[in-house]
Amino acid sequence: MDWILPLVAFFAALLTFFSGFGLGTLLMAVLLCYYPAEIAIVITALVHLGSSLLKVLLNRSVRWDIVLRFGVASVLAALLGSELLEILIRDEIQLYSISVVNHTNEVGLVNFIIGLLLMVFAAVEWSYKSKSMYMPLWLGGIISGFFGGFSGHQGALRSVFLVQRIREVPNYIATTAFISLCVDVARVANYSRNDLLASVSFEQVVWCLLAALGGVLLGTFLIKKTTLRLLQNWVAISIFLLGVAMLTGLV
C-alpha cells in the first residue's frame, strides 16, 4: 500500500480551505500522476463520496426545492456522463502521438478530454467560482452532473449555478453536500456496473478517505474558508500545466 497517496489526500483536503479548490479537483490532479485517468477518477469518486457523506451528516439544513429542481437532474446526467466515460475507455481510441528525443508519447481520447477539462476547470475554479450564472436550475443540474459523472468536476459548476440561489450559508453547505453525495452514489454505482472498480485497491481508497476526512476536520479547526490568493494562483497554474502534460502525452 502506497503511503504517499493518503498523505496527498490529507493535504489536498486541508488545502481546500486555503486554495479555494475542491477536494475532487486537487486529489484527482495528483492521482493522475500515479494512475490512468479512469482509475484516478474512480478513486477520487470513492473518496469524495465519503467526504460528502460526512458533510451531509454534519449539515442537515437541506433546501429540498433545490434538490428536486437541480439535484435530480444532476444525478441523471451523472449516470450519462459515467456511462460515456466507460464507453470511451472500452474503445481505447488513440488520437495522436508526439515524438520527443527518440521517445514517442501516445495520447488517447480519454487522456485528451480529461487533460482539456483540467485546463478548463482550473480556469473556472480560479476565476469564476464566486460568480453566478442564471439559467434554469434543471439545466444547471444537467451540466454540472454530467461533468461530475464523466470526470468528477462538479463542485465549481455547481457553485456557479447555486451560489446566488441559496444565500444562507448553512442551507448552501447542506444542500450542495447532499446533491454531491447523490451524484457520487450514482456515478460510483455506474462505475461498479461497468467494472471500473475492479482495478481499484480498496485498502488504498480507505486510507485515502480516512486521511482526507482528517484533513477536512483539521482545516475546519484551523480556519474557515480563507483563500490565500498566491496559493490559489499556484494551484490553478499547476493543474492547468497538468492538463497540458496530458495533452502532450507526458502523463
# chains A, B, ... in the order shown; residues from 1 in each chain; ligands from 1
>>> residues_around(residues="range 47-56 of chain A", least_positions_apart="3", cutoff="10 Å", atoms="only C-alpha atoms", output="ChimeraX atom specification")
/A:9,13,22-24,27,42-44,59-62,152,173-185,187-188,205-213,216
>>> write_last_selection(atoms="N, CA and C atoms", output="CSV table (one decimal), in the first residue's frame")
chain,number,residue,atom,x,y,z
A,9,ALA,N,-4.0,12.9,-0.1
A,9,ALA,CA,-5.4,13.1,0.2
A,9,ALA,C,-5.6,14.0,1.4
A,13,ALA,N,-7.2,17.7,1.0
A,13,ALA,CA,-8.4,18.1,1.8
A,13,ALA,C,-8.1,19.4,2.6
A,22,GLY,N,-11.7,22.5,-4.8
A,22,GLY,CA,-12.4,21.4,-4.2
A,22,GLY,C,-11.5,20.2,-4.0
A,23,LEU,N,-11.8,19.3,-3.1
A,23,LEU,CA,-11.1,18.1,-2.8
A,23,LEU,C,-11.0,17.2,-4.1
A,24,GLY,N,-12.1,17.1,-4.8
A,24,GLY,CA,-12.0,16.2,-6.0
A,24,GLY,C,-11.0,16.7,-7.1
A,27,LEU,N,-7.3,16.2,-5.5
A,27,LEU,CA,-6.9,14.8,-5.4
A,27,LEU,C,-6.8,14.1,-6.7
A,42,VAL,N,-12.1,7.1,-10.6
A,42,VAL,CA,-12.9,6.2,-9.7
A,42,VAL,C,-12.4,6.4,-8.3
A,43,ILE,N,-11.1,6.4,-8.0
A,43,ILE,CA,-10.6,6.6,-6.6
A,43,ILE,C,-11.1,7.9,-6.1
A,44,THR,N,-11.0,8.9,-6.8
A,44,THR,CA,-11.4,10.3,-6.4
A,44,THR,C,-12.9,10.2,-6.1
A,59,ASN,N,-24.4,18.5,8.4
A,59,ASN,CA,-25.3,19.6,8.0
A,59,ASN,C,-26.6,19.1,7.5
A,60,ARG,N,-27.7,19.5,8.2
A,60,ARG,CA,-29.0,18.9,7.9
A,60,ARG,C,-30.0,20.0,7.3
A,61,SER,N,-29.5,21.2,7.1
A,61,SER,CA,-30.4,22.2,6.6
A,61,SER,C,-30.5,22.2,5.1
A,62,VAL,N,-31.1,21.1,4.5
A,62,VAL,CA,-31.2,21.0,3.1
A,62,VAL,C,-32.3,21.7,2.5
A,152,GLY,N,-15.6,14.0,-12.7
A,152,GLY,CA,-15.5,14.3,-11.3
A,152,GLY,C,-15.6,15.8,-11.1
A,173,ILE,N,-24.4,24.9,2.3
A,173,ILE,CA,-23.5,23.8,2.6
A,173,ILE,C,-24.2,22.5,2.6
A,174,ALA,N,-25.4,22.4,3.3
A,174,ALA,CA,-26.1,21.2,3.4
A,174,ALA,C,-26.7,20.8,2.1
A,175,THR,N,-27.2,21.7,1.3
A,175,THR,CA,-27.8,21.4,0.0
A,175,THR,C,-26.8,20.9,-1.0
A,176,THR,N,-25.7,21.6,-1.1
A,176,THR,CA,-24.7,21.2,-2.1
A,176,THR,C,-24.0,19.9,-1.7
A,177,ALA,N,-23.9,19.7,-0.4
A,177,ALA,CA,-23.3,18.4,0.1
A,177,ALA,C,-24.2,17.2,-0.2
A,178,PHE,N,-25.5,17.4,0.0
A,178,PHE,CA,-26.5,16.4,-0.3
A,178,PHE,C,-26.5,16.1,-1.8
A,179,ILE,N,-26.5,17.1,-2.6
A,179,ILE,CA,-26.5,16.9,-4.1
A,179,ILE,C,-25.3,16.2,-4.5
A,180,SER,N,-24.1,16.6,-4.0
A,180,SER,CA,-22.8,16.0,-4.3
A,180,SER,C,-22.9,14.5,-3.9
A,181,LEU,N,-23.4,14.2,-2.7
A,181,LEU,CA,-23.5,12.8,-2.3
A,181,LEU,C,-24.3,12.0,-3.3
A,182,CYS,N,-25.5,12.5,-3.7
A,182,CYS,CA,-26.3,11.8,-4.6
A,182,CYS,C,-25.6,11.5,-6.0
A,183,VAL,N,-24.9,12.5,-6.4
A,183,VAL,CA,-24.1,12.4,-7.7
A,183,VAL,C,-23.0,11.4,-7.5
A,184,ASP,N,-22.3,11.4,-6.4
A,184,ASP,CA,-21.3,10.5,-6.1
A,184,ASP,C,-21.8,9.0,-6.1
A,185,VAL,N,-22.9,8.8,-5.4
A,185,VAL,CA,-23.5,7.5,-5.3
A,185,VAL,C,-23.9,7.0,-6.7
A,187,ARG,N,-22.7,7.9,-9.7
A,187,ARG,CA,-21.6,7.6,-10.6
A,187,ARG,C,-20.7,6.4,-10.1
A,188,VAL,N,-20.6,6.2,-8.8
A,188,VAL,CA,-19.9,5.1,-8.3
A,188,VAL,C,-20.6,3.8,-8.6
A,205,VAL,N,-8.0,3.1,-1.1
A,205,VAL,CA,-9.2,4.0,-1.0
A,205,VAL,C,-9.5,4.3,0.4
A,206,VAL,N,-9.6,3.3,1.3
A,206,VAL,CA,-9.9,3.5,2.7
A,206,VAL,C,-8.9,4.4,3.4
A,207,TRP,N,-7.7,4.2,3.2
A,207,TRP,CA,-6.7,5.0,3.8
A,207,TRP,C,-6.7,6.5,3.3
A,208,CYS,N,-6.9,6.6,2.0
A,208,CYS,CA,-7.1,7.9,1.4
A,208,CYS,C,-8.3,8.7,1.9
A,209,LEU,N,-9.4,7.9,2.1
A,209,LEU,CA,-10.6,8.5,2.6
A,209,LEU,C,-10.4,9.0,4.1
A,210,LEU,N,-9.8,8.1,4.9
A,210,LEU,CA,-9.5,8.5,6.3
A,210,LEU,C,-8.6,9.7,6.4
A,211,ALA,N,-7.6,9.7,5.5
A,211,ALA,CA,-6.7,10.9,5.5
A,211,ALA,C,-7.4,12.1,5.1
A,212,ALA,N,-8.3,12.0,4.0
A,212,ALA,CA,-9.0,13.2,3.6
A,212,ALA,C,-9.9,13.7,4.6
A,213,LEU,N,-10.6,12.8,5.4
A,213,LEU,CA,-11.5,13.3,6.4
A,213,LEU,C,-10.7,14.0,7.5
A,216,VAL,N,-10.0,17.4,6.4
A,216,VAL,CA,-11.2,18.3,6.5
A,216,VAL,C,-11.4,18.7,7.9
>>> select_by_dssp(residues="range 40-69 of chain A", states="helix (DSSP H, G or I)", output="short mmCIF file (atom, residue, chain, number, x, y, z; two decimals) with N, CA and C atoms, in the first residue's frame")
data_model
loop_
_atom_site.label_atom_id
_atom_site.label_comp_id
_atom_site.auth_asym_id
_atom_site.auth_seq_id
_atom_site.Cartn_x
_atom_site.Cartn_y
_atom_site.Cartn_z
N ALA A 40 -7.92 7.03 -11.69
CA ALA A 40 -7.84 8.23 -10.86
C ALA A 40 -9.23 8.80 -10.60
N ILE A 41 -10.07 8.79 -11.61
CA ILE A 41 -11.44 9.30 -11.47
C ILE A 41 -12.23 8.46 -10.48
N VAL A 42 -12.11 7.13 -10.58
CA VAL A 42 -12.87 6.24 -9.70
C VAL A 42 -12.42 6.39 -8.25
N ILE A 43 -11.10 6.41 -8.01
CA ILE A 43 -10.60 6.57 -6.64
C ILE A 43 -11.06 7.90 -6.06
N THR A 44 -10.96 8.94 -6.85
CA THR A 44 -11.41 10.25 -6.38
C THR A 44 -12.90 10.23 -6.05
N ALA A 45 -13.69 9.54 -6.87
CA ALA A 45 -15.13 9.45 -6.64
C ALA A 45 -15.43 8.77 -5.31
N LEU A 46 -14.72 7.70 -4.99
CA LEU A 46 -14.95 6.97 -3.75
C LEU A 46 -14.57 7.82 -2.54
N VAL A 47 -13.43 8.49 -2.60
CA VAL A 47 -13.01 9.36 -1.50
C VAL A 47 -13.97 10.54 -1.36
N HIS A 48 -14.37 11.10 -2.48
CA HIS A 48 -15.28 12.25 -2.47
C HIS A 48 -16.64 11.84 -1.92
N LEU A 49 -17.08 10.62 -2.20
CA LEU A 49 -18.35 10.13 -1.67
C LEU A 49 -18.32 10.11 -0.15
N GLY A 50 -17.24 9.57 0.41
CA GLY A 50 -17.12 9.54 1.87
C GLY A 50 -17.10 10.92 2.48
N SER A 51 -16.39 11.84 1.83
CA SER A 51 -16.33 13.21 2.31
C SER A 51 -17.71 13.88 2.24
N SER A 52 -18.43 13.63 1.16
CA SER A 52 -19.78 14.19 1.01
C SER A 52 -20.72 13.65 2.08
N LEU A 53 -20.59 12.35 2.38
CA LEU A 53 -21.43 11.74 3.41
C LEU A 53 -21.20 12.40 4.76
N LEU A 54 -19.94 12.66 5.10
CA LEU A 54 -19.63 13.32 6.37
C LEU A 54 -20.26 14.71 6.42
N LYS A 55 -20.17 15.44 5.33
CA LYS A 55 -20.76 16.78 5.30
C LYS A 55 -22.27 16.73 5.46
N VAL A 56 -22.90 15.73 4.85
CA VAL A 56 -24.35 15.59 4.98
C VAL A 56 -24.74 15.28 6.41
N LEU A 57 -23.98 14.41 7.07
CA LEU A 57 -24.28 14.04 8.46
C LEU A 57 -24.10 15.23 9.40
N LEU A 58 -23.17 16.12 9.06
CA LEU A 58 -22.90 17.28 9.92
C LEU A 58 -23.79 18.47 9.59
N TRP A 64 -34.82 21.38 0.01
CA TRP A 64 -35.34 20.29 -0.79
C TRP A 64 -35.89 20.75 -2.14
N ASP A 65 -36.33 22.00 -2.22
CA ASP A 65 -36.81 22.52 -3.50
C ASP A 65 -35.66 22.58 -4.51
N ILE A 66 -34.45 22.94 -4.04
CA ILE A 66 -33.28 22.97 -4.91
C ILE A 66 -32.87 21.55 -5.29
N VAL A 67 -32.95 20.64 -4.33
CA VAL A 67 -32.60 19.25 -4.61
C VAL A 67 -33.49 18.69 -5.70
N LEU A 68 -34.79 18.97 -5.64
CA LEU A 68 -35.72 18.43 -6.63
C LEU A 68 -35.49 19.05 -8.01
N ARG A 69 -35.19 20.33 -8.06
CA ARG A 69 -35.06 21.02 -9.34
C ARG A 69 -33.66 20.92 -9.94
#
>>> closest_residue(among="A:Leu117, A:Leu7, A:Ile143, A:Ala122", to="Phe161 in chain A", atoms="only C-alpha atoms")
A:Ile143
>>> residues_around(residues="Gly243 in chain A", least_positions_apart="2", cutoff="8 Å", atoms="only C-alpha atoms", output="JSON, numbers by chain")
{"A": [114, 115, 116, 117, 118, 119, 239, 240, 241, 245, 246, 247]}
>>> select_by_dssp(residues="range 88-206 of chain A", states="strand (DSSP E)", output="ChimeraX atom specification")
/A:94-100,103-108
>>> closest_residue(among="A:Ala123, A:Val72, A:Val107, A:Ala198", to="Leu139 in chain A", atoms="only C-alpha atoms")
A:Val72
>>> closest_residue(among="A:Asn105, A:Asn190, A:Ser74, A:Ser99", to="Trp138 in chain A", atoms="only C-alpha atoms")
A:Ser74
>>> closest_residue(among="A:Phe146, A:Tyr134, A:Trp3, A:Tyr35", to="Ser159 in chain A", atoms="only C-alpha atoms")
A:Tyr134
>>> closest_residue(among="A:Ser97, A:Phe121, A:Thr248, A:Arg63", to="Pro170 in chain A", atoms="only C-alpha atoms")
A:Arg63
>>> closest_residue(among="A:Thr25, A:Asn171, A:Gln94, A:Ser144", to="Arg158 in chain A", atoms="only C-alpha atoms")
A:Ser144
>>> atom_distance(atom1="CA of Val244 in chain A", atom2="CA of Val160 in chain A")
24.6 Å
>>> residues_around(residues="Leu88 in chain A", least_positions_apart="4", cutoff="12 Å", atoms="only C-alpha atoms", output="list of chain:residue names")
A:Ala37, A:Glu38, A:Gly81, A:Ser82, A:Glu83, A:Leu84, A:Glu92, A:Ile93, A:Gln94, A:Gly108, A:Leu109, A:Val110, A:Asn111, A:Phe112, A:Ile113, A:Ile114, A:Phe150, A:Asn194
>>> atom_distance(atom1="CA of Pro36 in chain A", atom2="CA of Leu196 in chain A")
11.6 Å
